[in-house]
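Have a look at target.cif below; it lists mmCIF, C-alpha atoms.
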```cif
data_work
#
loop_
_atom_site.label_atom_id
_atom_site.label_comp_id
_atom_site.auth_asym_id
_atom_site.auth_seq_id
_atom_site.Cartn_x
_atom_site.Cartn_y
_atom_site.Cartn_z
CA GLY A 1 2.90 -19.03 -3.04
CA GLN A 2 2.95 -17.51 0.39
CA GLN A 3 -0.36 -16.08 1.54
CA LEU A 4 -1.84 -14.50 4.58
CA ASN A 5 -4.29 -16.37 6.79
CA GLN A 6 -7.60 -14.62 6.31
CA SER A 7 -10.76 -15.51 8.19
CA PRO A 8 -13.54 -16.20 8.03
CA GLN A 9 -13.57 -17.72 4.57
CA SER A 10 -17.19 -16.69 4.05
CA MET A 11 -19.99 -14.92 5.88
CA PHE A 12 -23.72 -14.79 5.31
CA ILE A 13 -25.32 -12.04 7.35
CA GLN A 14 -28.51 -10.04 7.68
CA GLU A 15 -28.64 -6.48 6.41
CA GLY A 16 -27.83 -4.08 9.22
CA GLU A 17 -25.44 -6.41 11.04
CA ASP A 18 -21.83 -5.56 11.70
CA VAL A 19 -19.07 -7.64 10.11
CA SER A 20 -15.54 -8.37 11.22
CA MET A 21 -12.77 -10.16 9.35
CA ASN A 22 -9.06 -10.47 9.99
CA CYS A 23 -5.71 -11.45 8.58
CA THR A 24 -2.80 -12.95 10.42
CA SER A 25 0.73 -13.91 9.55
CA SER A 26 3.75 -15.38 11.24
CA SER A 27 5.83 -12.65 9.59
CA ILE A 28 5.99 -8.93 10.29
CA PHE A 29 4.33 -6.66 7.74
CA ASN A 30 5.03 -2.98 7.21
CA THR A 31 1.93 -2.20 5.15
CA TRP A 32 -1.59 -3.60 5.18
CA LEU A 33 -4.12 -3.01 2.43
CA TRP A 34 -7.76 -4.05 2.28
CA TYR A 35 -9.44 -4.58 -1.08
CA LYS A 36 -12.96 -5.47 -2.21
CA GLN A 37 -13.59 -7.44 -5.39
CA GLU A 38 -16.93 -7.84 -7.12
CA PRO A 39 -17.63 -10.48 -9.78
CA GLY A 40 -15.83 -9.79 -13.04
CA GLU A 41 -14.01 -6.76 -11.65
CA GLY A 42 -10.59 -6.00 -10.32
CA PRO A 43 -9.87 -5.49 -6.62
CA VAL A 44 -10.73 -2.00 -5.41
CA LEU A 45 -8.71 -0.44 -2.61
CA LEU A 46 -10.73 0.24 0.54
CA ILE A 47 -8.20 1.16 3.20
CA ALA A 48 -4.41 1.40 3.43
CA LEU A 49 -2.51 1.13 6.75
CA TYR A 50 1.15 2.05 7.18
CA LYS A 51 1.89 2.15 10.93
CA ALA A 52 1.49 -0.36 13.74
CA GLY A 53 -1.58 0.50 15.79
CA GLU A 54 -3.03 2.70 13.06
CA LEU A 55 -6.82 2.77 12.98
CA THR A 56 -8.37 4.15 9.80
CA SER A 57 -11.97 4.58 8.72
CA ASN A 58 -13.58 4.90 5.30
CA GLY A 59 -17.30 5.49 5.77
CA ARG A 60 -18.75 2.41 7.45
CA LEU A 61 -15.44 0.57 7.13
CA THR A 62 -12.77 0.58 9.81
CA ALA A 63 -9.43 -1.20 9.66
CA GLN A 64 -6.54 -1.50 12.08
CA PHE A 65 -2.87 -2.36 11.74
CA GLY A 66 -2.11 -4.73 14.60
CA ILE A 67 0.39 -3.71 17.25
CA THR A 68 2.47 -6.83 16.66
CA ARG A 69 2.55 -5.94 12.93
CA LYS A 70 1.49 -9.51 12.21
CA ASP A 71 -2.22 -8.92 11.86
CA SER A 72 -4.94 -6.59 10.67
CA PHE A 73 -8.70 -6.51 10.88
CA LEU A 74 -11.51 -4.94 8.89
CA ASN A 75 -14.90 -4.07 10.34
CA ILE A 76 -17.99 -3.13 8.36
CA SER A 77 -20.78 -1.55 10.35
CA ALA A 78 -24.49 -1.65 9.51
CA SER A 79 -24.03 -3.80 6.41
CA ILE A 80 -26.08 -3.15 3.29
CA PRO A 81 -26.72 -5.34 0.22
CA SER A 82 -24.08 -3.54 -1.86
CA ASP A 83 -21.41 -4.69 0.59
CA VAL A 84 -21.61 -8.09 -1.09
CA GLY A 85 -18.29 -9.18 -2.56
CA ILE A 86 -14.96 -10.74 -1.73
CA TYR A 87 -12.74 -8.84 0.69
CA PHE A 88 -8.99 -9.37 0.51
CA CYS A 89 -6.30 -8.34 2.91
CA ALA A 90 -2.86 -7.76 1.42
CA GLY A 91 0.45 -6.64 2.75
CA TYR A 92 4.13 -6.08 2.24
CA ARG A 93 6.44 -8.10 4.42
CA SER A 94 9.11 -6.31 6.41
CA PRO A 95 11.74 -5.66 5.26
CA SER A 96 10.42 -5.21 1.77
CA ASN A 97 12.81 -4.66 -1.09
CA THR A 98 10.38 -5.68 -3.80
CA GLY A 99 6.88 -4.82 -4.87
CA LYS A 100 5.59 -8.26 -3.94
CA LEU A 101 2.18 -7.77 -2.37
CA ILE A 102 1.01 -10.86 -0.51
CA PHE A 103 -2.73 -11.58 -0.47
CA GLY A 104 -5.05 -13.41 1.85
CA GLN A 105 -7.43 -15.98 0.44
CA GLY A 106 -10.38 -13.63 0.73
CA THR A 107 -13.60 -13.43 2.74
CA THR A 108 -16.78 -13.83 0.72
CA LEU A 109 -19.54 -11.68 2.16
CA GLN A 110 -23.19 -12.18 1.41
CA VAL A 111 -25.85 -9.86 2.82
CA LYS A 112 -29.48 -10.86 3.08
CA PRO A 113 -31.86 -7.90 2.65
CA ASP B 1 -12.52 3.57 -11.95
CA SER B 2 -8.94 2.97 -10.77
CA GLY B 3 -7.39 4.60 -13.83
CA VAL B 4 -5.65 1.37 -14.82
CA THR B 5 -6.82 -0.06 -18.14
CA GLN B 6 -6.44 -3.58 -19.46
CA THR B 7 -7.21 -5.11 -22.82
CA PRO B 8 -8.74 -7.32 -23.90
CA LYS B 9 -11.48 -7.93 -21.34
CA HIS B 10 -11.96 -11.53 -22.46
CA LEU B 11 -9.72 -13.88 -24.44
CA ILE B 12 -10.54 -17.39 -25.59
CA THR B 13 -7.84 -19.45 -27.22
CA ALA B 14 -6.60 -22.99 -27.68
CA THR B 15 -3.87 -24.96 -25.99
CA GLY B 16 -0.43 -24.37 -27.43
CA GLN B 17 -1.23 -20.83 -28.55
CA ARG B 18 0.37 -17.57 -27.52
CA VAL B 19 -1.45 -14.45 -26.31
CA THR B 20 -0.52 -10.93 -25.27
CA LEU B 21 -2.29 -9.01 -22.53
CA ARG B 22 -1.91 -5.26 -22.36
CA CYS B 23 -1.98 -2.85 -19.43
CA SER B 24 -1.84 0.93 -19.19
CA PRO B 25 -1.04 2.24 -15.71
CA ARG B 26 -2.59 5.24 -14.01
CA SER B 27 -1.28 8.52 -15.30
CA GLY B 28 2.06 9.23 -13.67
CA ASP B 29 2.55 5.77 -12.18
CA LEU B 30 5.93 4.21 -12.88
CA SER B 31 5.36 0.74 -11.44
CA VAL B 32 3.32 -2.00 -13.07
CA TYR B 33 2.54 -5.35 -11.48
CA TRP B 34 0.95 -8.47 -12.94
CA TYR B 35 -1.14 -10.95 -10.98
CA GLN B 36 -2.88 -14.21 -11.80
CA GLN B 37 -6.14 -15.09 -10.06
CA SER B 38 -7.50 -18.60 -10.27
CA LEU B 39 -10.19 -20.24 -8.18
CA ASP B 40 -7.86 -22.49 -6.22
CA GLN B 41 -4.85 -20.18 -5.90
CA GLY B 42 -6.24 -16.75 -5.10
CA LEU B 43 -4.27 -13.72 -6.25
CA GLN B 44 -0.70 -14.61 -7.11
CA PHE B 45 1.98 -12.04 -7.83
CA LEU B 46 3.74 -12.66 -11.14
CA ILE B 47 6.11 -9.80 -11.87
CA HIS B 48 6.83 -6.13 -11.16
CA TYR B 49 8.30 -3.52 -13.49
CA TYR B 50 9.44 -0.06 -12.50
CA ASN B 51 10.11 2.54 -15.18
CA GLY B 52 10.91 -0.08 -17.78
CA GLU B 53 13.04 -2.35 -15.63
CA GLU B 54 12.11 -5.64 -14.01
CA ARG B 55 12.11 -5.23 -10.22
CA ALA B 56 10.79 -8.49 -8.84
CA LYS B 57 9.54 -11.87 -9.97
CA GLY B 58 7.00 -14.01 -8.24
CA ASN B 59 5.43 -17.26 -9.30
CA ILE B 60 5.81 -16.64 -13.01
CA LEU B 61 6.27 -19.59 -15.34
CA GLU B 62 9.08 -19.63 -17.87
CA ARG B 63 6.41 -19.75 -20.61
CA PHE B 64 5.31 -16.29 -19.45
CA SER B 65 7.18 -13.06 -19.99
CA ALA B 66 6.48 -9.38 -19.59
CA GLN B 67 7.91 -6.03 -20.50
CA GLN B 68 7.27 -2.37 -19.80
CA PHE B 69 7.67 0.06 -22.64
CA PRO B 70 9.02 3.65 -22.62
CA ASP B 71 5.47 5.02 -22.48
CA LEU B 72 5.06 2.87 -19.31
CA HIS B 73 2.41 0.54 -20.65
CA SER B 74 3.12 -3.12 -20.09
CA GLU B 75 2.44 -6.38 -21.87
CA LEU B 76 2.25 -9.88 -20.46
CA ASN B 77 3.01 -12.61 -22.99
CA LEU B 78 1.74 -16.12 -22.34
CA SER B 79 2.99 -18.86 -24.66
CA SER B 80 2.48 -22.61 -25.13
CA LEU B 81 -0.79 -22.18 -23.30
CA GLU B 82 -2.17 -24.99 -21.18
CA LEU B 83 -5.66 -25.57 -19.81
CA GLY B 84 -4.39 -24.64 -16.35
CA ASP B 85 -3.46 -21.16 -17.54
CA SER B 86 -7.14 -20.26 -17.67
CA ALA B 87 -7.54 -17.52 -15.09
CA LEU B 88 -8.10 -13.84 -14.51
CA TYR B 89 -4.99 -11.77 -15.12
CA PHE B 90 -4.78 -8.42 -13.37
CA CYS B 91 -2.46 -5.53 -13.80
CA ALA B 92 -1.89 -3.00 -11.03
CA SER B 93 0.09 0.20 -10.89
CA SER B 94 1.62 2.41 -8.25
CA GLY B 95 3.49 5.67 -8.15
CA ASN B 96 6.91 4.65 -6.91
CA ARG B 97 9.29 1.76 -6.68
CA GLY B 98 6.74 -0.37 -4.95
CA LEU B 99 8.42 -0.97 -1.61
CA THR B 100 5.25 -0.15 0.31
CA ASP B 101 3.09 1.38 -2.36
CA THR B 102 -0.65 1.21 -2.55
CA GLN B 103 -1.44 -0.70 -5.73
CA TYR B 104 -4.43 0.15 -7.91
CA PHE B 105 -5.86 -2.67 -9.97
CA GLY B 106 -7.26 -2.76 -13.47
CA PRO B 107 -10.46 -4.60 -14.43
CA GLY B 108 -8.58 -7.72 -15.53
CA THR B 109 -8.42 -9.99 -18.57
CA ARG B 110 -10.27 -13.28 -18.37
CA LEU B 111 -8.29 -15.90 -20.27
CA THR B 112 -9.96 -19.14 -21.23
CA VAL B 113 -7.81 -21.87 -22.76
CA LEU B 114 -9.80 -24.61 -24.49
#
```

Any chance you could put this one into structure tokens?
Amino acid sequence: GQQLNQSPQSMFIQEGEDVSMNCTSSSIFNTWLWYKQEPGEGPVLLIALYKAGELTSNGRLTAQFGITRKDSFLNISASIPSDVGIYFCAGYRSPSNTGKLIFGQGTTLQVKP
Amino acid sequence: DSGVTQTPKHLITATGQRVTLRCSPRSGDLSVYWYQQSLDQGLQFLIHYYNGEERAKGNILERFSAQQFPDLHSELNLSSLELGDSALYFCASSGNRGLTDTQYFGPGTRLTVL
């Protein structure tokens, strides 16, 4: 099925470092969502973006809806061990007349204490 | 806790069998979505129900079917199971018709077909 291009595929960083990941598409999206999934659990919503250019923060997490509406990025500042997990971007294509949420392949984050 | 519940947590069965996965949406949510997550395919949208009616279908096999009941809980039926059906199955819910809704995911059911 169609998916977003998410990168990087994986990251292994030192505690305290900042992290950046992004999603791109050749299609226009009207909503971007960022989720985190830990082993054996369902994806948990981190940030939702609804307007082009929108910049939203949730604690140490910041995400932006790209101006072109074809991309989004997620930054994590001052990473800590509990940030470990798989981060997924997801979005609804424009125009959207269904509830089909399209997911990226995920970025696996590992943090070394 | 997202408020979405799924049962069972784990399911082990044999090829050719049929299973039913159950999902209860967040209180007040009218939309229910089903997803399949396997190692090589990521999260794949299967089907969306809104207030008892099917709204959209994704990559759902003909051997699979779903329904949403008047109390808004949903069931995903998987029949004639094959080894390749082994995966995590997630249910999500949202408040409206799902055009741009934020979806909240349940903890998933891990299906193992032997």

Compile the contact shell of stretch 45-48 of chain A as a PyMOL selection string: residues with an atom at most 9 Å away, counting only C-alpha atoms, same-chain residues fewer than 3 positions apart removed.
(chain A and resi 31-37+56-58+61-63+74) or (chain B and resi 2+102-105)

Assuming the chain letters and numbering stay as they are in my file, what does the PyMOL selection byres ((chain B) within 12 of (chain A)) actually select? List them as a PyMOL selection string.
chain B and resi 1-6+9-10+31-50+54-60+87-110

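With atom CA of A:Met11 on one side and atom CA of A:Phe65 on the other, the separation reads 22.0 Å.
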
Closest to A:Asn22 among A:Ala78, A:Cys89, A:Val111, A:Ile67, using only C-alpha atoms?
A:Cys89

Just say which residues the PyMOL selection byres ((chain B and resi 68-73) around 8) picks in this file, as a PyMOL selection string.
chain B and resi 22-25+30+32+49-53+66-67+74-75

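The protein and nucleic acid residues lying at most 9 Å from A:Glu15 are Ala78, Ser79, Ile80, Pro81, Val111, Lys112 and Pro113 of chain A, with all atoms listed in the file considered and sequence neighbours fewer than 6 positions away removed.
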
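If you look at atom CA of B:Asn77 and atom CA of B:Val19, they are 5.9 Å away from each other.
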
Which is closest to A:Thr68 among A:Ala52, A:Ile86, A:Ile13, A:Met21, if we use all atoms listed in the file?
A:Ala52

Please provide the set of residues having any atom within 6 Å of A:Leu109, restricted to only C-alpha atoms, with same-chain residues fewer than 4 positions apart removed, written as a ChimeraX atom specification.
/A:10-11,84-85

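Note that atom CA of A:Ile28 and atom CA of A:Thr108 are 25.2 Å apart.
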
Every residue with an atom at most 9 Å from (0.5, -25.5, -20.9) (file coordinates; only C-alpha atoms) is what I'm after, so could you write them as an NGL selection string?
:B and (15-16 or 63 or 79-85)
